[in-house]
Protein chains: 2
Amino acid sequence: MDKIYLDNAATSRDKAAVVKKAILNYYDNIGCSPGRGGYEDSLKAGRIIIEARNTIADFFNVDNIKQIIFTHNITYALNIGIKGILKKGDHVITSTMEHNSVLRPLNRLEKNGIIDVDYIQCDQKGRLNPAKVKAAINKKTKLIILTYASNVSGTIMPVQEVGEIAAKNNVYFMLDTAQAAGVYGIDFKKLKVDFLAFTGHKALMGPTGTGGFAISKKMAAEMEPLIEGGTGSKSDQETQPNFLPDKFESGTMNTMGISGLKAGVEFIQKIGIEKIREHEHKLGKLFLEGLKKIPEIKIIGPANLKEQVPTFSITAGDRDLGQLSFELDEKYNVMTRSGLHCAPFAHKTLGTFPAGSLRFSIGYFNTIEEIEFALNALKNIL
Amino acid sequence: MDKIYLDNAATSRDKAAVVKKAILNYYDNIGCSPGRGGYEDSLKAGRIIIEARNTIADFFNVDNIKQIIFTHNITYALNIGIKGILKKGDHVITSTMEHNSVLRPLNRLEKNGIIDVDYIQCDQKGRLNPAKVKAAINKKTKLIILTYASNVSGTIMPVQEVGEIAAKNNVYFMLDTAQAAGVYGIDFKKLKVDFLAFTGHKALMGPTGTGGFAISKKMAAEMEPLIEGGTGSKSDQETQPNFLPDKFESGTMNTMGISGLKAGVEFIQKIGIEKIREHEHKLGKLFLEGLKKIPEIKIIGPANLKEQVPTFSITAGDRDLGQLSFELDEKYNVMTRSGLHCAPFAHKTLGTFPAGSLRFSIGYFNTIEEIEFALNALKNIL
């Protein structure tokens, strides 16, 4: 058996064949920078960007393609959102299950005396009670930030309820979809999101160097751009254009990467997101059942696919999890990720700080055979 | 004849064959996210990043590979530098030949009442008198920002002199190498640079989605990171690590792009930067001689390769330059870029605002035949 990749929560190693084809098409046949006007191949590059915006707007149910902004990765997107909207005196609500891409920007603003933050305590399975979010809102609350699902325990957050609470209280709602987009249907309008951050290179199957956000017009108007520069528009002005998407997109786009991302999302749309989820859930259930039969293993988080995405964290008594991950790779070619997964508060919430956990994360291209093989490998080592 | 690409100042459409090979090697054989520790393929991805840092540190003569930071593009690099170092009350000196990637961030900070900026007036050929820079320094001057060469007229700036002035006056020196790196030898230490911003996808021949900066340890220690998040290091802390390169690199790296960039820079090192410059200068001289023989054409800028890089801007009497660019592409497959090139102050300096210019920019893969063909195309249209 080939190498078994169970680190899909970090990046999707395996992509649809159309993704490579799209990358090579840009590389071999276009290669130019998008331009407003200009020569034909530059227009072709521009069209790829427009079509990609269109595909992603459709995918997340966003009204206007101008509301789709491309960035380097989702961390950049979250920083642009957090640091662009928050002003002196603002109050922010988030959960104890967030990633460092949310915690660290918030921490900076808090330390600099700009904002106050309430971290809503989640339970030991990583679950959030939306009533606690509601109770934390005060007159200064500007923003609620929530992950769709934890990158440690896979726990799915009550995003619909929190979206409703945010909307009713006239607070912006920022959603981190890193661990869910491409497997779970995420509806920008239905979830009442103002800022939907997405990563391109995980379940959306794009290459590295892609990601971005969808943004409500209201929030976009209030935000300051964090990154400014050449946009190819209003080049007569030394100030950043105030319209979308240019307000938040500066410098040469990653047209090669975006070509691949567009193809990845189109692949998902073609297969159908329900079918993708069904497949991943089938493997997830099989994996969970197997894990439960290994007495040494403790599953961190809900341990059921009604409450989580197919990303599983475990501990194994006193076993060093870095060593366990190493042995899985070394002896069985099974790739996993151990440690704190850039989410210290989540591990504190789940009771796995500071030792961390060993994480297995399933992707669309995993098979039943691979899951069985990984379970056997675990059994043999323990 | 194939299409003739003369928009190398925007991006290098043609790259060395090794660049594609490196991209595909990552895509086909690795595909994973770099990780500290973990499985073998993740380590392989990490090694690519380390080797790329090594290659670029060597290329720009930077002491320690940790001083090399990768970003989405050079615009992100400049924003991270400008917005990270400048504090309330600081004074900045720059030239009237800068790109919007410098002007727009400065303008934001100026408008927000944080900094004061002196824009040193260059002459009608885009040349800067370094004595004016020296004279503008005051007690509050924190930073001097200068482009190595104009993206409009190609004018080369007195970077060595300005670097000396900055160093003597204990002012940070930020150099925008977008139009020169890969063709001109740029020595971080010799030029006394504190922040060297580079683009990956122009003459360095990397793919889109690459760029970054080299930074002095002193400036790095004083800067705040603009983008924060997961670094794979100090994951137990909700604050950004304070060491290089992690302080300024968050989220998933563009490992695929960086693989290509590394191969591009290695290609340049193998050929030799002098040989690359010699070839581009030969074509540039030929092009200039040809341009001078077309009476309708006015060359903007120095019009000699001792004072400029092989990027040439022209006007042609009352001709609409957008139309001229379109005809060159439509009738002769010659790709150029007309307009203001995201540099309004430069065009004001050069006397070409607001109509702009038509720009021809030469790259290593252009040939004598292409230059002759482009000149004939111009003659035929005019």
# chains A, B, ... in the order shown; residues from 1 in each chain; ligands from 1
>>> interface_residues(of="chain B", to="chain A", cutoff="7 Å", atoms="only C-alpha atoms", output="MDAnalysis selection string")
chainID B and resid 10:11 13 31:33 38:39 72:73 75:76 79 100:105 107 208:209 227:230 232 235:240 250:256 325:326 329 335 337 340:344 354
>>> select_by_dssp(residues="stretch 129-357 of chain B", states="helix (DSSP H, G or I)", output="JSON, numbers by chain")
{"B": [130, 131, 132, 133, 134, 135, 136, 159, 160, 161, 162, 163, 164, 165, 166, 167, 168, 217, 218, 219, 220, 221, 222, 246, 247, 248, 255, 256, 257, 258, 259, 260, 261, 262, 263, 264, 265, 266, 267, 268, 269, 270, 271, 273, 274, 275, 276, 277, 278, 279, 280, 281, 282, 283, 284, 285, 286, 287, 288, 289, 290, 291, 292, 321, 322, 323, 324, 325, 326, 327, 328, 329, 330, 331, 332, 344, 345, 346, 347, 348, 349, 350]}
>>> residues_around(residues="B:Val309", least_positions_apart="5", cutoff="12 Å", atoms="only C-alpha atoms", output="PDB file with N, CA and C atoms, in the first residue's frame")
ATOM      1  N   ASN B   8       7.714  42.107 -19.058  1.00  0.00           N
ATOM      2  CA  ASN B   8       8.475  41.449 -17.985  1.00  0.00           C
ATOM      3  C   ASN B   8       8.517  42.243 -16.680  1.00  0.00           C
ATOM      4  N   ALA B   9       8.236  43.540 -16.748  1.00  0.00           N
ATOM      5  CA  ALA B   9       8.201  44.336 -15.515  1.00  0.00           C
ATOM      6  C   ALA B   9       6.947  44.006 -14.698  1.00  0.00           C
ATOM      7  N   TYR B 148      14.801  50.431  -6.237  1.00  0.00           N
ATOM      8  CA  TYR B 148      16.102  50.277  -6.907  1.00  0.00           C
ATOM      9  C   TYR B 148      16.026  50.883  -8.302  1.00  0.00           C
ATOM     10  N   ALA B 149      14.887  50.648  -8.974  1.00  0.00           N
ATOM     11  CA  ALA B 149      14.687  51.191 -10.319  1.00  0.00           C
ATOM     12  C   ALA B 149      13.199  51.425 -10.533  1.00  0.00           C
ATOM     13  N   SER B 150      12.889  52.464 -11.268  1.00  0.00           N
ATOM     14  CA  SER B 150      11.487  52.804 -11.533  1.00  0.00           C
ATOM     15  C   SER B 150      10.821  51.764 -12.430  1.00  0.00           C
ATOM     16  N   ASN B 151       9.578  51.432 -12.104  1.00  0.00           N
ATOM     17  CA  ASN B 151       8.827  50.501 -12.953  1.00  0.00           C
ATOM     18  C   ASN B 151       8.229  51.210 -14.156  1.00  0.00           C
ATOM     19  N   VAL B 152       8.398  52.536 -14.242  1.00  0.00           N
ATOM     20  CA  VAL B 152       7.856  53.289 -15.377  1.00  0.00           C
ATOM     21  C   VAL B 152       8.970  53.610 -16.373  1.00  0.00           C
ATOM     22  N   SER B 153       9.981  54.334 -15.914  1.00  0.00           N
ATOM     23  CA  SER B 153      11.044  54.800 -16.812  1.00  0.00           C
ATOM     24  C   SER B 153      12.294  53.934 -16.736  1.00  0.00           C
ATOM     25  N   GLY B 154      12.318  53.024 -15.777  1.00  0.00           N
ATOM     26  CA  GLY B 154      13.494  52.170 -15.610  1.00  0.00           C
ATOM     27  C   GLY B 154      14.640  52.847 -14.876  1.00  0.00           C
ATOM     28  N   THR B 155      14.512  54.128 -14.558  1.00  0.00           N
ATOM     29  CA  THR B 155      15.591  54.897 -13.921  1.00  0.00           C
ATOM     30  C   THR B 155      16.137  54.205 -12.673  1.00  0.00           C
ATOM     31  N   ILE B 156      17.453  54.030 -12.640  1.00  0.00           N
ATOM     32  CA  ILE B 156      18.097  53.427 -11.470  1.00  0.00           C
ATOM     33  C   ILE B 156      18.386  54.520 -10.434  1.00  0.00           C
ATOM     34  N   MET B 157      18.068  54.225  -9.191  1.00  0.00           N
ATOM     35  CA  MET B 157      18.237  55.195  -8.117  1.00  0.00           C
ATOM     36  C   MET B 157      19.633  55.074  -7.482  1.00  0.00           C
ATOM     37  N   THR B 177      13.114  46.140  -4.508  1.00  0.00           N
ATOM     38  CA  THR B 177      13.942  45.602  -5.605  1.00  0.00           C
ATOM     39  C   THR B 177      13.118  44.985  -6.737  1.00  0.00           C
ATOM     40  N   ALA B 178      11.825  45.286  -6.784  1.00  0.00           N
ATOM     41  CA  ALA B 178      10.921  44.623  -7.740  1.00  0.00           C
ATOM     42  C   ALA B 178      11.446  44.638  -9.178  1.00  0.00           C
ATOM     43  N   GLN B 179      12.028  45.765  -9.571  1.00  0.00           N
ATOM     44  CA  GLN B 179      12.413  45.911 -10.984  1.00  0.00           C
ATOM     45  C   GLN B 179      13.887  45.595 -11.249  1.00  0.00           C
ATOM     46  N   ALA B 180      14.582  45.087 -10.272  1.00  0.00           N
ATOM     47  CA  ALA B 180      16.022  44.892 -10.457  1.00  0.00           C
ATOM     48  C   ALA B 180      16.533  43.518 -10.032  1.00  0.00           C
ATOM     49  N   ALA B 181      15.939  42.934  -8.977  1.00  0.00           N
ATOM     50  CA  ALA B 181      16.462  41.669  -8.461  1.00  0.00           C
ATOM     51  C   ALA B 181      16.362  40.590  -9.532  1.00  0.00           C
ATOM     52  N   GLY B 182      17.456  39.909  -9.748  1.00  0.00           N
ATOM     53  CA  GLY B 182      17.500  38.868 -10.780  1.00  0.00           C
ATOM     54  C   GLY B 182      18.275  39.331 -12.007  1.00  0.00           C
ATOM     55  N   VAL B 183      18.478  40.649 -12.124  1.00  0.00           N
ATOM     56  CA  VAL B 183      19.205  41.202 -13.263  1.00  0.00           C
ATOM     57  C   VAL B 183      20.405  42.040 -12.773  1.00  0.00           C
ATOM     58  N   TYR B 184      20.238  42.674 -11.631  1.00  0.00           N
ATOM     59  CA  TYR B 184      21.300  43.479 -11.033  1.00  0.00           C
ATOM     60  C   TYR B 184      21.731  42.828  -9.724  1.00  0.00           C
ATOM     61  N   ALA B 203      11.824  38.971 -12.346  1.00  0.00           N
ATOM     62  CA  ALA B 203      13.085  38.442 -12.876  1.00  0.00           C
ATOM     63  C   ALA B 203      13.653  37.283 -12.061  1.00  0.00           C
ATOM     64  N   ARG B 277      22.262  40.125 -17.310  1.00  0.00           N
ATOM     65  CA  ARG B 277      22.193  41.584 -17.511  1.00  0.00           C
ATOM     66  C   ARG B 277      22.776  41.960 -18.869  1.00  0.00           C
ATOM     67  N   GLU B 278      23.902  41.332 -19.221  1.00  0.00           N
ATOM     68  CA  GLU B 278      24.548  41.592 -20.514  1.00  0.00           C
ATOM     69  C   GLU B 278      23.561  41.341 -21.669  1.00  0.00           C
ATOM     70  N   GLU B 280      20.242  41.224 -21.529  1.00  0.00           N
ATOM     71  CA  GLU B 280      19.121  42.177 -21.505  1.00  0.00           C
ATOM     72  C   GLU B 280      19.575  43.573 -21.956  1.00  0.00           C
ATOM     73  N   HIS B 281      20.802  43.940 -21.601  1.00  0.00           N
ATOM     74  CA  HIS B 281      21.328  45.241 -22.029  1.00  0.00           C
ATOM     75  C   HIS B 281      21.546  45.288 -23.537  1.00  0.00           C
ATOM     76  N   LYS B 282      22.013  44.185 -24.087  1.00  0.00           N
ATOM     77  CA  LYS B 282      22.215  44.132 -25.542  1.00  0.00           C
ATOM     78  C   LYS B 282      20.884  44.379 -26.257  1.00  0.00           C
ATOM     79  N   LEU B 283      19.859  43.682 -25.795  1.00  0.00           N
ATOM     80  CA  LEU B 283      18.537  43.874 -26.410  1.00  0.00           C
ATOM     81  C   LEU B 283      18.016  45.284 -26.138  1.00  0.00           C
ATOM     82  N   GLY B 284      18.275  45.766 -24.925  1.00  0.00           N
ATOM     83  CA  GLY B 284      17.811  47.101 -24.549  1.00  0.00           C
ATOM     84  C   GLY B 284      18.414  48.178 -25.427  1.00  0.00           C
ATOM     85  N   LYS B 285      19.741  48.062 -25.683  1.00  0.00           N
ATOM     86  CA  LYS B 285      20.419  49.042 -26.549  1.00  0.00           C
ATOM     87  C   LYS B 285      19.844  49.031 -27.954  1.00  0.00           C
ATOM     88  N   LEU B 288      16.484  50.684 -27.860  1.00  0.00           N
ATOM     89  CA  LEU B 288      16.615  52.143 -27.733  1.00  0.00           C
ATOM     90  C   LEU B 288      17.027  52.783 -29.051  1.00  0.00           C
ATOM     91  N   GLY B 301      12.322  59.132 -19.701  1.00  0.00           N
ATOM     92  CA  GLY B 301      13.379  58.606 -18.822  1.00  0.00           C
ATOM     93  C   GLY B 301      14.763  58.778 -19.429  1.00  0.00           C
ATOM     94  N   PRO B 302      15.772  58.167 -18.835  1.00  0.00           N
ATOM     95  CA  PRO B 302      17.169  58.406 -19.227  1.00  0.00           C
ATOM     96  C   PRO B 302      17.489  58.016 -20.668  1.00  0.00           C
ATOM     97  N   ALA B 303      16.844  56.987 -21.186  1.00  0.00           N
ATOM     98  CA  ALA B 303      17.128  56.507 -22.544  1.00  0.00           C
ATOM     99  C   ALA B 303      18.578  56.076 -22.714  1.00  0.00           C
ATOM    100  N   ASN B 304      19.196  55.625 -21.650  1.00  0.00           N
ATOM    101  CA  ASN B 304      20.494  54.967 -21.792  1.00  0.00           C
ATOM    102  C   ASN B 304      20.680  53.965 -20.661  1.00  0.00           C
ATOM    103  N   PHE B 360       7.512  49.019 -22.530  1.00  0.00           N
ATOM    104  CA  PHE B 360       8.110  47.787 -23.050  1.00  0.00           C
ATOM    105  C   PHE B 360       9.138  47.338 -22.019  1.00  0.00           C
ATOM    106  N   SER B 361       9.028  46.125 -21.529  1.00  0.00           N
ATOM    107  CA  SER B 361      10.029  45.672 -20.551  1.00  0.00           C
ATOM    108  C   SER B 361      10.590  44.320 -20.969  1.00  0.00           C
ATOM    109  N   ILE B 362      11.923  44.294 -21.000  1.00  0.00           N
ATOM    110  CA  ILE B 362      12.657  43.160 -21.572  1.00  0.00           C
ATOM    111  C   ILE B 362      13.009  42.135 -20.497  1.00  0.00           C
ATOM    112  N   GLY B 363      12.980  40.873 -20.878  1.00  0.00           N
ATOM    113  CA  GLY B 363      13.358  39.801 -19.964  1.00  0.00           C
ATOM    114  C   GLY B 363      14.430  38.906 -20.571  1.00  0.00           C
TER     115      GLY B 363
END
>>> closest_residue(among="A:Val171, A:Leu305, A:Leu6, A:Ala16", to="A:Leu358", atoms="only C-alpha atoms")
A:Leu6
>>> residues_around(residues="stretch 370-375 of chain B", least_positions_apart="4", cutoff="8 Å", atoms="only C-alpha atoms", output="list of chain:residue names")
B:Ile4, B:Leu283, B:Leu286, B:Phe287, B:Gly290, B:Leu291, B:Tyr332, B:Val334, B:Asn366, B:Lys379
>>> atom_distance(atom1="atom CA of A:Tyr26", atom2="atom CA of B:Ala197")
25.9 Å
